[in-house]
file entry-v2.pdb (PDB, C-alpha atoms)
ATOM      1  CA  VAL A   1       0.000   0.000   0.000
ATOM      2  CA  SER A   2       1.407   3.338  -1.031
ATOM      3  CA  GLN A   3       1.899   5.924   1.720
ATOM      4  CA  SER A   4       1.460   8.716  -0.841
ATOM      5  CA  ARG A   5      -2.001   7.372  -1.632
ATOM      6  CA  TYR A   6      -2.804   6.809   2.051
ATOM      7  CA  PRO A   7      -0.755   9.429   3.950
ATOM      8  CA  ARG A   8      -2.251   8.636   7.343
ATOM      9  CA  LEU A   9      -1.297   4.956   7.019
ATOM     10  CA  SER A  10       2.089   5.652   8.602
ATOM     11  CA  LEU A  11       0.271   6.842  11.732
ATOM     12  CA  LEU A  12      -1.254   3.406  12.330
ATOM     13  CA  SER A  13       0.455   0.913  14.552
ATOM     14  CA  ILE A  14      -0.950  -2.584  14.734
ATOM     15  CA  VAL A  15      -0.175  -4.366  17.982
ATOM     16  CA  PRO A  16      -1.394  -7.971  18.256
ATOM     17  CA  ALA A  17      -3.133  -9.092  21.430
ATOM     18  CA  LEU A  18      -0.825 -10.632  23.983
ATOM     19  CA  CYS A  19      -0.792 -14.393  24.133
ATOM     20  CA  ALA A  20      -2.932 -15.508  27.064
ATOM     21  CA  ASP A  21      -2.954 -19.229  26.226
ATOM     22  CA  ARG A  22      -0.285 -21.930  26.284
ATOM     23  CA  ILE A  23       0.070 -21.633  22.499
ATOM     24  CA  CYS A  24      -1.101 -18.710  20.353
ATOM     25  CA  LEU A  25      -0.933 -18.029  16.624
ATOM     26  CA  PHE A  26      -0.718 -14.668  14.898
ATOM     27  CA  PRO A  27      -2.481 -13.943  12.717
ATOM     28  CA  GLU A  28      -5.227 -16.358  13.653
ATOM     29  CA  ALA A  29      -6.205 -16.603   9.988
ATOM     30  CA  ALA A  30      -3.417 -16.633   7.401
ATOM     31  CA  LYS A  31      -2.698 -18.135   4.008
ATOM     32  CA  GLN A  32       0.153 -20.567   3.427
ATOM     33  CA  ASP A  33       2.233 -17.773   1.862
ATOM     34  CA  ASP A  34       1.746 -15.350   4.793
ATOM     35  CA  PHE A  35       4.007 -14.952   7.808
ATOM     36  CA  LEU A  36       2.773 -17.006  10.765
ATOM     37  CA  SER A  37       4.001 -16.629  14.357
ATOM     38  CA  ILE A  38       3.549 -19.331  16.965
ATOM     39  CA  THR A  39       4.046 -18.214  20.562
ATOM     40  CA  TYR A  40       4.425 -20.796  23.326
ATOM     41  CA  ASP A  41       4.030 -19.937  27.010
ATOM     42  CA  ASN A  42       6.041 -22.473  28.993
ATOM     43  CA  LEU A  43       4.620 -21.130  32.273
ATOM     44  CA  GLN A  44       1.280 -22.702  31.273
ATOM     45  CA  GLU A  45       2.806 -26.080  30.359
ATOM     46  CA  THR A  46       1.035 -29.101  31.899
ATOM     47  CA  ASP A  47       3.509 -31.767  30.711
ATOM     48  CA  ALA A  48       5.960 -32.103  33.626
ATOM     49  CA  ASN A  49       8.747 -33.080  31.183
ATOM     50  CA  LEU A  50       8.456 -29.718  29.399
ATOM     51  CA  GLN A  51       8.026 -27.474  32.433
ATOM     52  CA  ASN A  52      10.826 -25.014  33.277
ATOM     53  CA  ILE A  53      12.330 -25.384  29.810
ATOM     54  CA  GLY A  54      15.667 -23.616  29.349
ATOM     55  CA  SER A  55      16.124 -20.648  27.041
ATOM     56  CA  GLU A  56      18.079 -22.805  24.557
ATOM     57  CA  GLU A  57      15.875 -25.924  24.816
ATOM     58  CA  CYS A  58      12.591 -25.024  23.120
ATOM     59  CA  TYR A  59      11.946 -26.570  19.703
ATOM     60  CA  ILE A  60       8.854 -27.152  17.595
ATOM     61  CA  PHE A  61       7.932 -30.147  15.469
ATOM     62  CA  LEU A  62       6.145 -28.959  12.285
ATOM     63  CA  ARG A  63       4.185 -31.005   9.749
ATOM     64  CA  ALA A  64       2.227 -29.753   6.725
ATOM     65  CA  PHE A  65      -0.578 -31.826   5.247
ATOM     66  CA  THR A  66      -1.283 -31.424   1.542
ATOM     67  CA  GLY A  67      -3.920 -34.164   1.486
ATOM     68  CA  SER A  68      -5.679 -36.504   3.892
ATOM     69  CA  PHE A  69      -2.712 -38.871   4.114
ATOM     70  CA  THR A  70       0.060 -36.825   2.503
ATOM     71  CA  TYR A  71       2.295 -34.794   4.767
ATOM     72  CA  PHE A  72       5.748 -33.233   4.882
ATOM     73  CA  ASP A  73       7.856 -32.613   8.006
ATOM     74  CA  VAL A  74      10.607 -30.028   8.411
ATOM     75  CA  ALA A  75      12.475 -32.796  10.255
ATOM     76  CA  ILE A  76      11.509 -36.172  11.686
ATOM     77  CA  ALA A  77      10.721 -36.001  15.399
ATOM     78  CA  ALA A  78      14.068 -37.547  16.418
ATOM     79  CA  ASN A  79      15.944 -34.791  14.519
ATOM     80  CA  VAL A  80      13.927 -31.737  15.582
ATOM     81  CA  THR A  81      16.325 -30.654  18.340
ATOM     82  CA  SER A  82      19.310 -30.913  15.982
ATOM     83  CA  THR A  83      17.567 -28.721  13.379
ATOM     84  CA  PRO A  84      18.460 -25.074  14.194
ATOM     85  CA  SER A  85      15.579 -23.624  12.159
ATOM     86  CA  LEU A  86      13.100 -25.356  14.514
ATOM     87  CA  LYS A  87      14.517 -23.744  17.649
ATOM     88  CA  MET A  88      12.054 -21.249  19.111
ATOM     89  CA  LYS A  89      13.359 -17.851  20.209
ATOM     90  CA  ASP A  90      13.197 -17.042  23.911
ATOM     91  CA  ILE A  91      11.247 -13.765  24.098
ATOM     92  CA  GLY A  92      11.266 -13.564  27.905
ATOM     93  CA  GLY A  93       8.757 -14.289  30.641
ATOM     94  CA  GLY A  94       8.756 -18.014  29.865
ATOM     95  CA  LYS A  95       7.559 -17.388  26.301
ATOM     96  CA  PHE A  96       9.082 -18.618  23.052
ATOM     97  CA  ARG A  97       8.262 -17.717  19.452
ATOM     98  CA  ILE A  98       8.912 -18.848  15.914
ATOM     99  CA  THR A  99       7.846 -16.914  12.801
ATOM    100  CA  PHE A 100       7.868 -18.395   9.311
ATOM    101  CA  ILE A 101       6.057 -18.607   5.975
ATOM    102  CA  PRO A 102       4.609 -22.135   5.887
ATOM    103  CA  GLU A 103       4.979 -22.825   2.156
ATOM    104  CA  GLU A 104       8.628 -21.686   2.240
ATOM    105  CA  PHE A 105       9.622 -23.188   5.595
ATOM    106  CA  ILE A 106       8.082 -26.643   5.267
ATOM    107  CA  PRO A 107       9.390 -28.688   2.308
ATOM    108  CA  ILE A 108       6.214 -29.161   0.274
ATOM    109  CA  PRO A 109       6.222 -29.665  -3.508
ATOM    110  CA  ALA A 110       5.906 -26.464  -5.546
ATOM    111  CA  GLY A 111       2.298 -25.648  -6.314
ATOM    112  CA  SER A 112       0.953 -27.768  -3.414
ATOM    113  CA  THR A 113      -1.723 -26.475  -1.078
ATOM    114  CA  ILE A 114      -1.278 -26.855   2.652
ATOM    115  CA  THR A 115      -4.596 -28.101   4.020
ATOM    116  CA  LYS A 116      -3.477 -28.310   7.646
ATOM    117  CA  LEU A 117      -0.443 -27.704   9.861
ATOM    118  CA  ALA A 118       0.314 -29.946  12.841
ATOM    119  CA  TYR A 119       2.817 -29.033  15.524
ATOM    120  CA  TYR A 120       3.924 -29.659  19.099
ATOM    121  CA  ILE A 121       6.733 -28.617  21.455
ATOM    122  CA  VAL A 122       9.830 -30.753  22.122
ATOM    123  CA  LYS A 123      13.114 -30.297  23.962
ATOM    124  CA  PRO A 124      16.465 -32.089  23.796
ATOM    125  CA  GLY A 125      16.035 -35.542  25.296
ATOM    126  CA  TYR A 126      12.235 -35.425  25.336
ATOM    127  CA  ILE A 127       9.693 -36.006  22.567
ATOM    128  CA  PRO A 128       6.122 -36.422  23.860
ATOM    129  CA  ASN A 129       4.638 -39.835  23.064
ATOM    130  CA  PRO A 130       2.022 -39.921  21.744
ATOM    131  CA  PRO A 131       2.589 -36.552  20.080
ATOM    132  CA  PRO A 132       0.123 -33.942  21.390
ATOM    133  CA  TYR A 133      -0.559 -32.445  17.943
ATOM    134  CA  ILE A 134      -2.090 -28.999  17.706
ATOM    135  CA  TYR A 135      -3.695 -28.265  14.344
ATOM    136  CA  TYR A 136      -3.988 -25.089  12.322
ATOM    137  CA  VAL A 137      -5.880 -24.765   9.049
ATOM    138  CA  PRO A 138      -4.584 -21.961   6.825
ATOM    139  CA  LEU A 139      -6.904 -19.940   4.625
ATOM    140  CA  ASN A 140      -7.016 -21.353   1.110
ATOM    141  CA  CYS A 141      -8.521 -18.543  -0.900
ATOM    142  CA  ASP A 142      -7.229 -16.117  -3.507
TER     143      ASP A 142
END
call {"tool": "encode", "arguments": {"input": "entry-v2.pdb", "output": "structure tokens"}}
result
Amino acid sequence: VSQSRYPRLSLLSIVPALCADRICLFPEAAKQDDFLSITYDNLQETDANLQNIGSEECYIFLRAFTGSFTYFDVAIAANVTSTPSLKMKDIGGGKFRITFIPEEFIPIPAGSTITKLAYYIVKPGYIPNPPPYIYYVPLNCD
């Protein structure tokens, strides 16, 4: 959007609501080619094995579905904590965040449509079993 066409646009400042849940997404509705932020609040963690996670220990397992039984992982669960791009950034106060563009971050075939994202938190030495998947369905409209 051009500032010359909309001069007051530069006066606007959009501040997303603070994350009040264990895991929050921003924006809540995004397309697969939009930035997506996942914020995790470790202070609300109920899994004793993930509580009090260290600032360098928070990782996320990410899977993109392109069909009912077709999916692509950034890394297999056993390799998540040795994949630097899956490390969540410590943003203070027990919260961690990762921001990415799903269709660029997750290795899906070119031209594929992500129908659903699945994710969960892991740390070195601990992968929840069974995986406590959290699902997100991106907007698929033009």
call {"tool": "atom_distance", "arguments": {"input": "entry-v2.pdb", "atom1": "CA of Ile60 (chain A)", "atom2": "CA of Val80 (chain A)"}}
result
7.1 Å
call {"tool": "atom_distance", "arguments": {"input": "entry-v2.pdb", "atom1": "CA of Val74 (chain A)", "atom2": "CA of Ile101 (chain A)"}}
result
12.5 Å
call {"tool": "atom_distance", "arguments": {"input": "entry-v2.pdb", "atom1": "CA of Gly94 (chain A)", "atom2": "CA of Gln51 (chain A)"}}
result
9.8 Å
call {"tool": "closest_residue", "arguments": {"input": "entry-v2.pdb", "among": "A:Ser37, A:Thr81, A:Thr46, A:Asn129", "to": "Arg22 (chain A)", "atoms": "only C-alpha atoms"}}
result
A:Thr46
call {"tool": "resolve_selection", "arguments": {"input": "entry-v2.pdb", "expression": "the PyMOL selection byres ((chain A and resi 40) around 6)", "output": "PDB file with C-alpha atoms, in the frame of the given file"}}
result
ATOM      1  CA  ARG A  22      -0.285 -21.930  26.284  1.00  0.00           C
ATOM      2  CA  ILE A  23       0.070 -21.633  22.499  1.00  0.00           C
ATOM      3  CA  THR A  39       4.046 -18.214  20.562  1.00  0.00           C
ATOM      4  CA  ASP A  41       4.030 -19.937  27.010  1.00  0.00           C
ATOM      5  CA  LYS A  95       7.559 -17.388  26.301  1.00  0.00           C
ATOM      6  CA  PHE A  96       9.082 -18.618  23.052  1.00  0.00           C
TER       7      PHE A  96
END
call {"tool": "residues_around", "arguments": {"input": "entry-v2.pdb", "residues": "Glu56 (chain A)", "least_positions_apart": "5", "cutoff": "12 Å", "atoms": "only C-alpha atoms", "output": "MDAnalysis selection string"}}
result
chainID A and resid 81:82 84 86:92 94:96 122:124
call {"tool": "residues_around", "arguments": {"input": "entry-v2.pdb", "residues": "Asn140 (chain A)", "least_positions_apart": "6", "cutoff": "8 Å", "atoms": "all atoms listed in the file", "output": "PDB file with C-alpha atoms, keeping the file's coordinate frame"}}
result
ATOM      1  CA  LYS A  31      -2.698 -18.135   4.008  1.00  0.00           C
ATOM      2  CA  GLN A  32       0.153 -20.567   3.427  1.00  0.00           C
ATOM      3  CA  THR A 113      -1.723 -26.475  -1.078  1.00  0.00           C
ATOM      4  CA  THR A 115      -4.596 -28.101   4.020  1.00  0.00           C
TER       5      THR A 115
END
call {"tool": "residues_around", "arguments": {"input": "entry-v2.pdb", "residues": "Asp21 (chain A)", "least_positions_apart": "3", "cutoff": "10 Å", "atoms": "only C-alpha atoms", "output": "ChimeraX atom specification"}}
result
/A:18,24-25,39-45
call {"tool": "axis_aligned_box", "arguments": {"input": "entry-v2.pdb", "around": "region 34-48 of chain A", "padding_each_side": "6 Å", "output": "AutoDock Vina command-line options"}}
result
--center_x 3.5 --center_y -23.5 --center_z 19.2 --size_x 17.0 --size_y 29.2 --size_z 40.8
call {"tool": "closest_residue", "arguments": {"input": "entry-v2.pdb", "among": "A:Ala48, A:Gly125, A:Tyr133, A:Ile114", "to": "Tyr71 (chain A)", "atoms": "only C-alpha atoms"}}
result
A:Ile114
call {"tool": "closest_residue", "arguments": {"input": "entry-v2.pdb", "among": "A:Ile108, A:Phe35, A:Ala78, A:Thr99", "to": "Thr66 (chain A)", "atoms": "all atoms listed in the file"}}
result
A:Ile108
call {"tool": "residues_around", "arguments": {"input": "entry-v2.pdb", "residues": "Ala64 (chain A)", "least_positions_apart": "4", "cutoff": "6 Å", "atoms": "only C-alpha atoms", "output": "list in words"}}
result
Tyr71, Phe72, Lys116 and Leu117 of chain A
call {"tool": "decode", "arguments": {"input": "entry-v2.pdb", "residues": "region 75-97 of chain A", "atoms": "C-alpha atoms", "output": "PDB file, in the first residue's frame"}}
result
ATOM      1  CA  ALA A  75      12.475 -32.796  10.255  1.00  0.00           C
ATOM      2  CA  ILE A  76      11.509 -36.172  11.686  1.00  0.00           C
ATOM      3  CA  ALA A  77      10.721 -36.001  15.399  1.00  0.00           C
ATOM      4  CA  ALA A  78      14.068 -37.547  16.418  1.00  0.00           C
ATOM      5  CA  ASN A  79      15.944 -34.791  14.519  1.00  0.00           C
ATOM      6  CA  VAL A  80      13.927 -31.737  15.582  1.00  0.00           C
ATOM      7  CA  THR A  81      16.325 -30.654  18.340  1.00  0.00           C
ATOM      8  CA  SER A  82      19.310 -30.913  15.982  1.00  0.00           C
ATOM      9  CA  THR A  83      17.567 -28.721  13.379  1.00  0.00           C
ATOM     10  CA  PRO A  84      18.460 -25.074  14.194  1.00  0.00           C
ATOM     11  CA  SER A  85      15.579 -23.624  12.159  1.00  0.00           C
ATOM     12  CA  LEU A  86      13.100 -25.356  14.514  1.00  0.00           C
ATOM     13  CA  LYS A  87      14.517 -23.744  17.649  1.00  0.00           C
ATOM     14  CA  MET A  88      12.054 -21.249  19.111  1.00  0.00           C
ATOM     15  CA  LYS A  89      13.359 -17.851  20.209  1.00  0.00           C
ATOM     16  CA  ASP A  90      13.197 -17.042  23.911  1.00  0.00           C
ATOM     17  CA  ILE A  91      11.247 -13.765  24.098  1.00  0.00           C
ATOM     18  CA  GLY A  92      11.266 -13.564  27.905  1.00  0.00           C
ATOM     19  CA  GLY A  93       8.757 -14.289  30.641  1.00  0.00           C
ATOM     20  CA  GLY A  94       8.756 -18.014  29.865  1.00  0.00           C
ATOM     21  CA  LYS A  95       7.559 -17.388  26.301  1.00  0.00           C
ATOM     22  CA  PHE A  96       9.082 -18.618  23.052  1.00  0.00           C
ATOM     23  CA  ARG A  97       8.262 -17.717  19.452  1.00  0.00           C
TER      24      ARG A  97
END
